[in-house]
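**Student:** Below is the file entry.csv, which contains CSV, C-alpha atoms.
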```csv
chain,number,residue,atom,x,y,z
Z,823,MET,CA,-2.4,22.8,-12.2
Z,824,PRO,CA,-2.0,21.2,-8.7
Z,825,LEU,CA,-4.6,22.0,-6.1
Z,826,PRO,CA,-3.5,24.4,-3.3
Z,827,SER,CA,-2.9,23.0,0.2
Z,828,PRO,CA,-5.2,25.1,2.5
Z,829,ARG,CA,-5.6,24.4,6.1
Z,830,LEU,CA,-8.5,22.0,6.5
Z,831,ARG,CA,-11.5,24.0,7.8
Z,832,PRO,CA,-14.3,22.2,9.6
Z,833,LEU,CA,-17.5,21.9,7.5
Z,834,ARG,CA,-20.8,21.7,9.3
Z,835,ALA,CA,-23.3,19.2,8.1
Z,836,SER,CA,-25.9,22.0,7.9
Z,837,ALA,CA,-23.6,23.9,5.6
Z,838,LEU,CA,-23.5,21.0,3.2
Z,839,THR,CA,-27.3,20.4,3.2
Z,840,ARG,CA,-27.9,24.1,2.6
Z,841,SER,CA,-25.9,23.9,-0.6
Z,842,ARG,CA,-26.8,22.2,-3.8
Z,843,PRO,CA,-27.6,18.4,-3.5
Z,844,MET,CA,-24.8,16.0,-3.6
Z,845,SER,CA,-23.8,14.7,-7.0
Z,846,PRO,CA,-24.7,11.0,-7.0
Z,847,ARG,CA,-22.3,10.1,-9.7
Z,848,LEU,CA,-19.0,11.6,-8.7
Z,849,ILE,CA,-16.5,9.6,-6.5
Z,850,GLY,CA,-13.1,10.9,-5.4
Z,851,LEU,CA,-10.2,8.5,-5.8
Z,852,VAL,CA,-7.3,9.7,-3.7
Z,853,THR,CA,-3.9,8.1,-4.3
Z,854,PRO,CA,-0.3,8.7,-3.3
Z,855,ASP,CA,2.2,9.7,-6.0
Z,856,LEU,CA,2.1,7.3,-8.9
Z,857,GLN,CA,5.8,6.5,-9.0
Z,858,ASN,CA,5.2,3.0,-7.5
Z,859,ALA,CA,3.5,1.1,-10.3
Z,860,ILE,CA,1.1,-0.6,-8.0
Z,861,PHE,CA,-0.8,2.7,-7.5
Z,862,PRO,CA,-1.6,3.2,-11.3
Z,863,ALA,CA,-2.8,-0.4,-11.3
Z,864,ILE,CA,-5.1,0.2,-8.3
Z,865,THR,CA,-6.3,3.5,-9.8
Z,866,GLU,CA,-7.2,1.7,-13.1
Z,867,ALA,CA,-9.0,-1.1,-11.3
Z,868,VAL,CA,-11.0,1.1,-9.0
Z,869,GLY,CA,-11.8,3.6,-11.7
Z,870,SER,CA,-12.9,0.9,-14.1
Z,871,GLU,CA,-15.2,-0.6,-11.4
Z,872,LEU,CA,-16.7,2.7,-10.6
Z,873,THR,CA,-17.3,3.5,-14.3
Z,874,ARG,CA,-18.9,0.1,-14.8
Z,875,ARG,CA,-21.4,0.9,-12.1
Z,876,GLY,CA,-22.3,4.3,-13.5
Z,877,PHE,CA,-20.1,6.5,-11.4
Z,878,THR,CA,-17.6,9.1,-12.5
Z,879,PRO,CA,-14.2,8.7,-10.7
Z,880,VAL,CA,-12.2,11.9,-10.2
Z,881,LEU,CA,-8.5,11.2,-9.5
Z,882,CYS,CA,-6.7,13.2,-6.8
Z,883,THR,CA,-3.0,12.3,-6.8
Z,884,GLN,CA,-0.8,13.6,-4.0
Z,885,SER,CA,2.6,14.9,-5.0
Z,886,ARG,CA,5.5,16.8,-3.4
Z,887,GLY,CA,4.8,20.5,-3.7
Z,888,GLY,CA,1.3,19.8,-5.0
Z,889,GLY,CA,-2.0,18.7,-3.7
Z,890,SER,CA,-2.0,17.2,-0.2
Z,891,GLU,CA,-4.4,14.6,1.2
Z,892,PRO,CA,-6.2,17.2,3.5
Z,893,SER,CA,-6.5,19.7,0.6
Z,894,PHE,CA,-8.0,17.0,-1.6
Z,895,VAL,CA,-10.6,16.2,1.1
Z,896,GLU,CA,-11.5,19.8,1.4
Z,897,PHE,CA,-11.9,20.1,-2.4
Z,898,LEU,CA,-14.1,16.9,-2.5
Z,899,LEU,CA,-16.3,18.1,0.3
Z,900,ARG,CA,-16.9,21.5,-1.2
Z,901,GLN,CA,-17.7,20.0,-4.6
Z,902,ARG,CA,-20.4,17.7,-3.1
Z,903,PHE,CA,-18.8,14.4,-4.0
Z,904,SER,CA,-20.8,11.3,-3.0
Z,905,GLY,CA,-18.0,9.3,-1.7
Z,906,ILE,CA,-14.2,8.7,-1.6
Z,907,VAL,CA,-11.9,5.7,-2.1
Z,908,PHE,CA,-8.5,6.2,-0.6
Z,909,ALA,CA,-5.9,4.0,-2.3
Z,910,GLY,CA,-3.1,4.8,0.1
Z,911,GLY,CA,-2.4,7.7,2.4
Z,912,HIS,CA,-2.2,8.9,6.0
Z,913,TYR,CA,-4.6,6.3,7.3
Z,914,ALA,CA,-1.9,3.6,6.9
Z,915,PHE,CA,0.5,5.5,9.2
Z,916,ALA,CA,-0.1,5.6,12.9
Z,917,ASP,CA,1.9,8.9,13.3
Z,918,ALA,CA,0.3,10.8,10.4
Z,919,PRO,CA,-2.4,13.4,10.8
Z,920,HIS,CA,-5.9,12.0,10.7
Z,921,ASP,CA,-8.1,15.0,11.3
Z,922,HIS,CA,-9.5,15.0,7.8
Z,923,TYR,CA,-10.7,11.4,8.2
Z,924,ARG,CA,-12.4,12.4,11.4
Z,925,GLN,CA,-14.2,15.2,9.6
Z,926,LEU,CA,-15.4,12.8,6.9
Z,927,ALA,CA,-16.7,10.5,9.6
Z,928,ARG,CA,-18.5,13.4,11.3
Z,929,LEU,CA,-20.2,14.3,8.1
Z,930,SER,CA,-21.1,10.6,7.3
Z,931,VAL,CA,-19.3,10.7,3.9
Z,932,PRO,CA,-19.1,7.2,2.4
Z,933,VAL,CA,-15.4,6.2,2.5
Z,934,THR,CA,-13.5,3.0,1.7
Z,935,LEU,CA,-9.8,2.5,2.5
Z,936,PHE,CA,-7.4,0.3,0.4
Z,937,ASN,CA,-5.3,-1.8,2.8
Z,938,ALA,CA,-4.8,-1.5,6.6
Z,939,GLY,CA,-5.8,1.7,8.4
Z,940,VAL,CA,-5.4,2.9,12.0
Z,941,ALA,CA,-8.0,1.2,14.3
Z,942,HIS,CA,-9.8,4.4,15.4
Z,943,LEU,CA,-11.0,5.3,11.9
Z,944,PRO,CA,-14.6,4.1,11.4
Z,945,PHE,CA,-14.3,3.2,7.7
Z,946,PRO,CA,-14.5,-0.2,6.0
Z,947,ARG,CA,-11.1,-1.5,4.7
Z,948,VAL,CA,-10.2,-3.9,1.9
Z,949,VAL,CA,-6.9,-5.5,2.9
Z,950,CYS,CA,-4.5,-7.9,1.3
Z,951,ASP,CA,-3.6,-10.3,4.2
Z,952,ASP,CA,-0.1,-9.1,5.2
Z,953,ALA,CA,0.5,-12.0,7.6
Z,954,ALA,CA,-0.4,-14.5,4.8
Z,955,ALA,CA,1.9,-12.6,2.4
Z,956,THR,CA,4.8,-12.9,4.8
Z,957,ASP,CA,4.0,-16.6,5.2
Z,958,LEU,CA,4.1,-17.2,1.5
Z,959,GLY,CA,7.4,-15.4,0.9
Z,960,TRP,CA,9.2,-16.8,4.0
Z,961,ARG,CA,8.0,-20.4,3.3
Z,962,HIS,CA,9.0,-20.2,-0.3
Z,963,LEU,CA,12.6,-19.1,0.6
Z,964,ALA,CA,12.7,-21.7,3.4
Z,965,SER,CA,11.6,-24.4,1.0
Z,966,LEU,CA,14.5,-23.6,-1.2
Z,967,GLY,CA,16.9,-24.1,1.7
Z,968,HIS,CA,17.5,-20.6,2.9
Z,969,THR,CA,18.0,-20.3,6.6
Z,970,ARG,CA,19.3,-16.7,6.9
Z,971,ILE,CA,16.2,-14.8,5.7
Z,972,GLY,CA,15.9,-11.1,6.1
Z,973,LEU,CA,13.0,-8.6,5.7
Z,974,VAL,CA,13.0,-5.1,4.2
Z,975,LEU,CA,9.9,-3.3,5.4
Z,976,GLY,CA,8.3,0.1,5.4
Z,977,PRO,CA,8.5,2.6,8.3
Z,978,HIS,CA,7.7,1.6,11.9
Z,979,SER,CA,4.5,3.6,11.8
Z,980,HIS,CA,3.3,1.9,8.6
Z,981,LEU,CA,0.5,-0.6,9.7
Z,982,PRO,CA,0.9,-3.1,6.8
Z,983,SER,CA,4.6,-3.3,7.6
Z,984,GLU,CA,3.9,-3.7,11.3
Z,985,ARG,CA,1.7,-6.7,10.4
Z,986,LYS,CA,4.4,-8.2,8.3
Z,987,ALA,CA,6.9,-7.7,11.1
Z,988,ALA,CA,4.6,-9.3,13.6
Z,989,ARG,CA,4.2,-12.4,11.5
Z,990,ALA,CA,7.9,-12.6,10.9
Z,991,ARG,CA,8.5,-12.7,14.7
Z,992,GLU,CA,6.0,-15.6,14.9
Z,993,LEU,CA,8.0,-17.4,12.2
Z,994,GLY,CA,11.2,-16.9,14.2
Z,995,VAL,CA,12.9,-14.4,11.9
Z,996,ASP,CA,15.9,-12.9,13.7
Z,997,PRO,CA,14.9,-9.3,14.6
Z,998,ALA,CA,18.4,-8.2,13.6
Z,999,LEU,CA,17.6,-9.2,10.1
Z,1000,VAL,CA,14.5,-7.0,9.8
Z,1001,VAL,CA,15.2,-3.4,8.6
Z,1002,ARG,CA,12.8,-0.5,8.1
Z,1003,THR,CA,13.0,2.2,5.4
Z,1004,SER,CA,10.8,4.3,3.0
Z,1005,PHE,CA,9.2,2.7,0.0
Z,1006,SER,CA,11.6,3.4,-2.9
Z,1007,LEU,CA,14.2,1.6,-5.0
Z,1008,GLU,CA,16.9,3.9,-3.6
Z,1009,ALA,CA,15.9,3.1,0.0
Z,1010,GLY,CA,16.0,-0.6,-0.7
Z,1011,GLN,CA,19.5,-0.3,-2.1
Z,1012,ALA,CA,20.7,1.8,0.8
Z,1013,VAL,CA,19.6,-0.7,3.6
Z,1014,ALA,CA,20.5,-3.9,1.8
Z,1015,GLY,CA,24.2,-3.6,2.5
Z,1016,ALA,CA,23.9,-4.4,6.2
Z,1017,LEU,CA,21.8,-7.5,5.6
Z,1018,LEU,CA,24.1,-8.8,2.9
Z,1019,ARG,CA,27.1,-8.3,5.2
Z,1020,ALA,CA,25.2,-10.3,7.9
Z,1021,GLY,CA,25.2,-13.3,5.6
Z,1022,VAL,CA,21.5,-13.2,4.5
Z,1023,THR,CA,20.8,-15.4,1.5
Z,1024,GLY,CA,17.1,-14.7,1.1
Z,1025,LEU,CA,15.4,-11.3,1.3
Z,1026,LEU,CA,11.6,-10.7,1.5
Z,1027,CYS,CA,10.7,-7.1,0.7
Z,1028,ALA,CA,7.5,-5.1,1.4
Z,1029,SER,CA,7.3,-3.7,-2.2
Z,1030,ASP,CA,8.6,-4.4,-5.6
Z,1031,PRO,CA,10.7,-1.2,-5.8
Z,1032,LEU,CA,12.4,-2.2,-2.5
Z,1033,ALA,CA,13.2,-5.6,-4.0
Z,1034,LEU,CA,14.7,-4.0,-7.1
Z,1035,GLY,CA,16.8,-1.8,-4.9
Z,1036,VAL,CA,18.1,-4.8,-3.0
Z,1037,ILE,CA,19.0,-6.5,-6.3
Z,1038,ARG,CA,20.9,-3.5,-7.4
Z,1039,ALA,CA,22.8,-3.4,-4.1
Z,1040,ALA,CA,23.6,-7.1,-4.4
Z,1041,ARG,CA,25.0,-6.8,-7.9
Z,1042,ARG,CA,27.1,-3.8,-7.0
Z,1043,ARG,CA,28.7,-6.0,-4.4
Z,1044,GLY,CA,29.5,-8.6,-7.1
Z,1045,LEU,CA,26.7,-11.0,-5.9
Z,1046,ASP,CA,24.5,-13.0,-8.3
Z,1047,VAL,CA,20.7,-13.0,-8.0
Z,1048,PRO,CA,19.5,-15.7,-7.4
Z,1049,GLY,CA,22.8,-17.6,-7.2
Z,1050,ASP,CA,24.1,-15.8,-4.1
Z,1051,VAL,CA,21.0,-14.0,-2.9
Z,1052,SER,CA,17.3,-14.7,-3.5
Z,1053,VAL,CA,14.9,-11.8,-3.5
Z,1054,VAL,CA,11.1,-11.7,-3.1
Z,1055,GLY,CA,9.0,-8.5,-3.8
Z,1056,TYR,CA,5.5,-7.6,-2.9
Z,1057,ASP,CA,2.6,-6.3,-5.2
Z,1058,ASP,CA,3.5,-7.8,-8.6
Z,1059,SER,CA,3.3,-4.4,-10.2
Z,1060,ALA,CA,3.7,-3.8,-13.9
Z,1061,LEU,CA,6.9,-5.0,-15.7
Z,1062,MET,CA,8.1,-7.3,-12.8
Z,1063,PRO,CA,8.1,-10.2,-15.3
Z,1064,CYS,CA,10.5,-8.1,-17.5
Z,1065,THR,CA,13.1,-7.2,-14.9
Z,1066,SER,CA,16.5,-9.0,-14.9
Z,1067,PRO,CA,16.0,-11.5,-13.4
Z,1068,PRO,CA,12.2,-11.5,-13.5
Z,1069,LEU,CA,11.1,-10.8,-10.0
Z,1070,THR,CA,9.5,-13.4,-7.7
Z,1071,THR,CA,6.9,-11.5,-5.8
Z,1072,ILE,CA,3.7,-11.7,-3.7
Z,1073,ARG,CA,0.7,-10.5,-5.9
Z,1074,GLN,CA,-2.0,-8.4,-4.4
Z,1075,PRO,CA,-5.4,-9.3,-5.9
Z,1076,VAL,CA,-5.9,-5.8,-7.1
Z,1077,GLU,CA,-9.0,-6.5,-9.3
Z,1078,ALA,CA,-10.8,-8.3,-6.5
Z,1079,MET,CA,-9.8,-5.6,-4.0
Z,1080,ALA,CA,-11.2,-2.9,-6.3
Z,1081,ALA,CA,-14.5,-4.7,-6.7
Z,1082,ALA,CA,-14.8,-5.2,-2.9
Z,1083,ALA,CA,-13.9,-1.5,-2.2
Z,1084,VAL,CA,-16.6,-0.2,-4.5
Z,1085,ASP,CA,-19.1,-2.7,-3.0
Z,1086,LEU,CA,-18.4,-1.3,0.4
Z,1087,LEU,CA,-18.7,2.2,-0.8
Z,1088,CYS,CA,-22.1,1.5,-2.4
Z,1089,ALA,CA,-23.2,-0.2,0.8
Z,1090,GLN,CA,-22.6,3.0,2.8
Z,1091,MET,CA,-24.6,5.0,0.3
Z,1092,ASP,CA,-27.5,2.6,0.9
Z,1093,THR,CA,-27.0,2.2,4.7
Z,1094,PRO,CA,-25.0,4.9,6.5
Z,1095,ALA,CA,-24.3,2.5,9.4
Z,1096,ALA,CA,-22.5,0.0,7.2
Z,1097,SER,CA,-19.8,-2.1,8.9
Z,1098,ALA,CA,-16.3,-0.7,9.3
Z,1099,ASP,CA,-14.7,-4.1,9.5
Z,1100,GLU,CA,-11.7,-5.3,7.4
Z,1101,THR,CA,-12.3,-7.5,4.3
Z,1102,LEU,CA,-9.3,-9.7,4.0
Z,1103,LEU,CA,-8.2,-11.0,0.6
Z,1104,ASP,CA,-5.6,-13.7,0.0
Z,1105,PRO,CA,-2.3,-12.8,-1.8
Z,1106,GLU,CA,-0.6,-15.1,-4.3
Z,1107,LEU,CA,3.0,-16.2,-4.6
Z,1108,ILE,CA,4.3,-15.6,-8.2
Z,1109,VAL,CA,7.6,-17.5,-8.6
Z,1110,ARG,CA,10.0,-16.1,-11.2
Z,1111,GLY,CA,13.8,-16.0,-11.7
Z,1112,SER,CA,14.9,-13.9,-8.7
Z,1113,THR,CA,14.7,-16.9,-6.2
Z,1114,GLY,CA,16.6,-20.2,-6.2
Z,1115,ARG,CA,18.5,-22.6,-3.9
Z,1116,PRO,CA,21.3,-21.0,-1.9
Z,1117,ARG,CA,24.9,-21.8,-2.6
Z,1118,THR,CA,28.0,-21.0,-0.6
Z,1119,ALA,CA,28.2,-17.2,-0.8
Z,1120,PRO,CA,31.4,-15.2,-1.5
Z,1121,ASP,CA,32.8,-12.8,1.1
Z,1122,ARG,CA,30.2,-10.0,1.6
Z,1123,ARG,CA,32.6,-7.5,3.3
```
Is it possible to express this structure as structure tokens?
**Tutor:**
Amino acid sequence: MPLPSPRLRPLRASALTRSRPMSPRLIGLVTPDLQNAIFPAITEAVGSELTRRGFTPVLCTQSRGGGSEPSFVEFLLRQRFSGIVFAGGHYAFADAPHDHYRQLARLSVPVTLFNAGVAHLPFPRVVCDDAAATDLGWRHLASLGHTRIGLVLGPHSHLPSERKAARARELGVDPALVVRTSFSLEAGQAVAGALLRAGVTGLLCASDPLALGVIRAARRRGLDVPGDVSVVGYDDSALMPCTSPPLTTIRQPVEAMAAAAVDLLCAQMDTPAASADETLLDPELIVRGSTGRPRTAPDRR
């Protein structure tokens, strides 16, 4: 049964200390919905790392009409959890509510964030280098001979997408060839048409589902992938080697990120004043069948 979504009520530190002592073995793992296959991979990696170190992870998965991120935070606080790992959520969006994070900071709850978060949140972050990922994808397409390269990114308020867009500007990508949308296959398909009509022959996407949506849109226009359009994804989530064609993508080092996230969580348990800096990890280009040299493309109207 999904958790209710109550209004987040401020908890005083004294109220916490009057209650039973914190359970030293329970760690909350808060994730978005698991439709994007990268989140089950992150969940498994973080959960395995916590278990290996003697902790018990408790999964809190956000869903439409179900548990929300603030309601999960309220639940974890009232159940005396020792720490929380966020594998995605409001912290990555500048225009999302952040009051529940501020409450966690006031109560000195150990927290680690997976990927970039808004600057004012005082928690350590484990981040796959978004600028380096953009470099890898763009340079791969450019090395194949593509000169009209477009980007399909997440919303303007999404900080990892903002970092990718900033690096794209430094690389000289035409701003007209950068589009923003939500993270889904359907969204990728919906926005791909304008880029294809603009004569783009290489597309770099901010997630694997977005890339698969772009491929679907290209095929529905009679275009071949990679003959007419090369597509690069991001994450290297499960089954990407099995798509048609197998997807070239930028791999996040999920196992290494999970280990670093748990290290940072444990450091806060030992030293409450642990650093809130970012730990940057390098992505890896995985070349498969969705990219190739460009050829003269058919009419995209």
**Student:** Using 7 Å as the limit and counting all atoms listed in the file, can you tabulate each residue of region 1013-1112 of chain Z that touches region 855-875 of chain Z, with its shortest atom-to-atom distance in Å and the two atoms involved, as a tab-separated table?
**Tutor:**
```
residue	atom	partner	partner_atom	distance
Z:Asp1057	CA	Z:Ile860	CA	6.5
Z:Ser1059	CA	Z:Ile860	CA	4.9
Z:Ala1060	CA	Z:Ala859	CA	6.1
Z:Val1076	CA	Z:Ile864	CA	6.2
Z:Glu1077	CA	Z:Ala867	CA	5.8
Z:Ala1080	CA	Z:Val868	CA	4.8
Z:Ala1081	CA	Z:Glu871	CA	6.3
Z:Val1084	CA	Z:Leu872	CA	6.8
```
**Student:** Name all residues at most 8 Å from Ala916 (chain Z) (count all atoms listed in the file; drop same-chain ones fewer than 6 positions away) and give them as a PyMOL selection string.
**Tutor:** chain Z and resi 940+979-981
**Student:** Excluding same-chain residues fewer than 6 positions from Pro1075 (chain Z), what lies within 12 Å of it counting all atoms listed in the file, as a ChimeraX atom specification?
**Tutor:** /Z:860,863-864,867,936-937,948-951,955,1056-1059,1081-1082,1102-1108
**Student:** Tell me which of Z:Ala938, Z:Val852, Z:Ala1016, Z:Val895 sits closest to Tyr923 (chain Z), counting all atoms listed in the file.
**Tutor:**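 Ranked by minimum distance to Tyr923 (chain Z), first place goes to Z:Val895.
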**Student:** Go through Z:Arg1110, Z:Pro932, Z:Thr883, Z:Ala927 one by one, measure the shortest atom-to-atom distance of each to Asp1092 (chain Z) using only C-alpha atoms, and give the residue with the smallest value.
**Tutor:**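 Of the candidates, the smallest distance to Asp1092 (chain Z) is held by Z:Pro932.
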**Student:** Can you pull out the residues contacting Arg924 (chain Z)? Cut-off 12 Å, using all atoms listed in the file, and skip same-chain residues under 4 positions away; I want them as a PDB file with C-alpha atoms, in the frame of the given file.
**Tutor:**
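After the write, out-v8.pdb holds the following:
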```pdb
ATOM      1  CA  LEU Z 830      -8.500  22.000   6.500  1.00  0.00           C
ATOM      2  CA  PRO Z 832     -14.300  22.200   9.600  1.00  0.00           C
ATOM      3  CA  LEU Z 833     -17.500  21.900   7.500  1.00  0.00           C
ATOM      4  CA  PRO Z 892      -6.200  17.200   3.500  1.00  0.00           C
ATOM      5  CA  VAL Z 895     -10.600  16.200   1.100  1.00  0.00           C
ATOM      6  CA  TYR Z 913      -4.600   6.300   7.300  1.00  0.00           C
ATOM      7  CA  PRO Z 919      -2.400  13.400  10.800  1.00  0.00           C
ATOM      8  CA  HIS Z 920      -5.900  12.000  10.700  1.00  0.00           C
ATOM      9  CA  ARG Z 928     -18.500  13.400  11.300  1.00  0.00           C
ATOM     10  CA  LEU Z 929     -20.200  14.300   8.100  1.00  0.00           C
ATOM     11  CA  SER Z 930     -21.100  10.600   7.300  1.00  0.00           C
ATOM     12  CA  VAL Z 931     -19.300  10.700   3.900  1.00  0.00           C
ATOM     13  CA  VAL Z 933     -15.400   6.200   2.500  1.00  0.00           C
ATOM     14  CA  VAL Z 940      -5.400   2.900  12.000  1.00  0.00           C
ATOM     15  CA  HIS Z 942      -9.800   4.400  15.400  1.00  0.00           C
ATOM     16  CA  LEU Z 943     -11.000   5.300  11.900  1.00  0.00           C
ATOM     17  CA  PRO Z 944     -14.600   4.100  11.400  1.00  0.00           C
ATOM     18  CA  PHE Z 945     -14.300   3.200   7.700  1.00  0.00           C
TER      19      PHE Z 945
END
```
**Student:** Which residue gives the smallest distance to His968 (chain Z) among Z:Ala1089, Z:Ala1098, Z:Val1051, Z:Leu1045, with only C-alpha atoms counted?
**Tutor:** Z:Val1051
**Student:** What would the list of residues within 12 Å of (13.0, 3.6, 3.3) (file frame) look like as a list in words, if only C-alpha atoms are what count?
**Tutor:**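 The residues near that point, listed by chain and number, are Val974, Leu975, Gly976, Pro977, His978, His980, Ser983, Val1001, Arg1002, Thr1003, Ser1004, Phe1005, Ser1006, Leu1007, Glu1008, Ala1009, Gly1010, Gln1011, Ala1012, Val1013, Ala1014, Cys1027, Ala1028, Ser1029, Pro1031, Leu1032, Ala1033, Gly1035 and Val1036 of chain Z.
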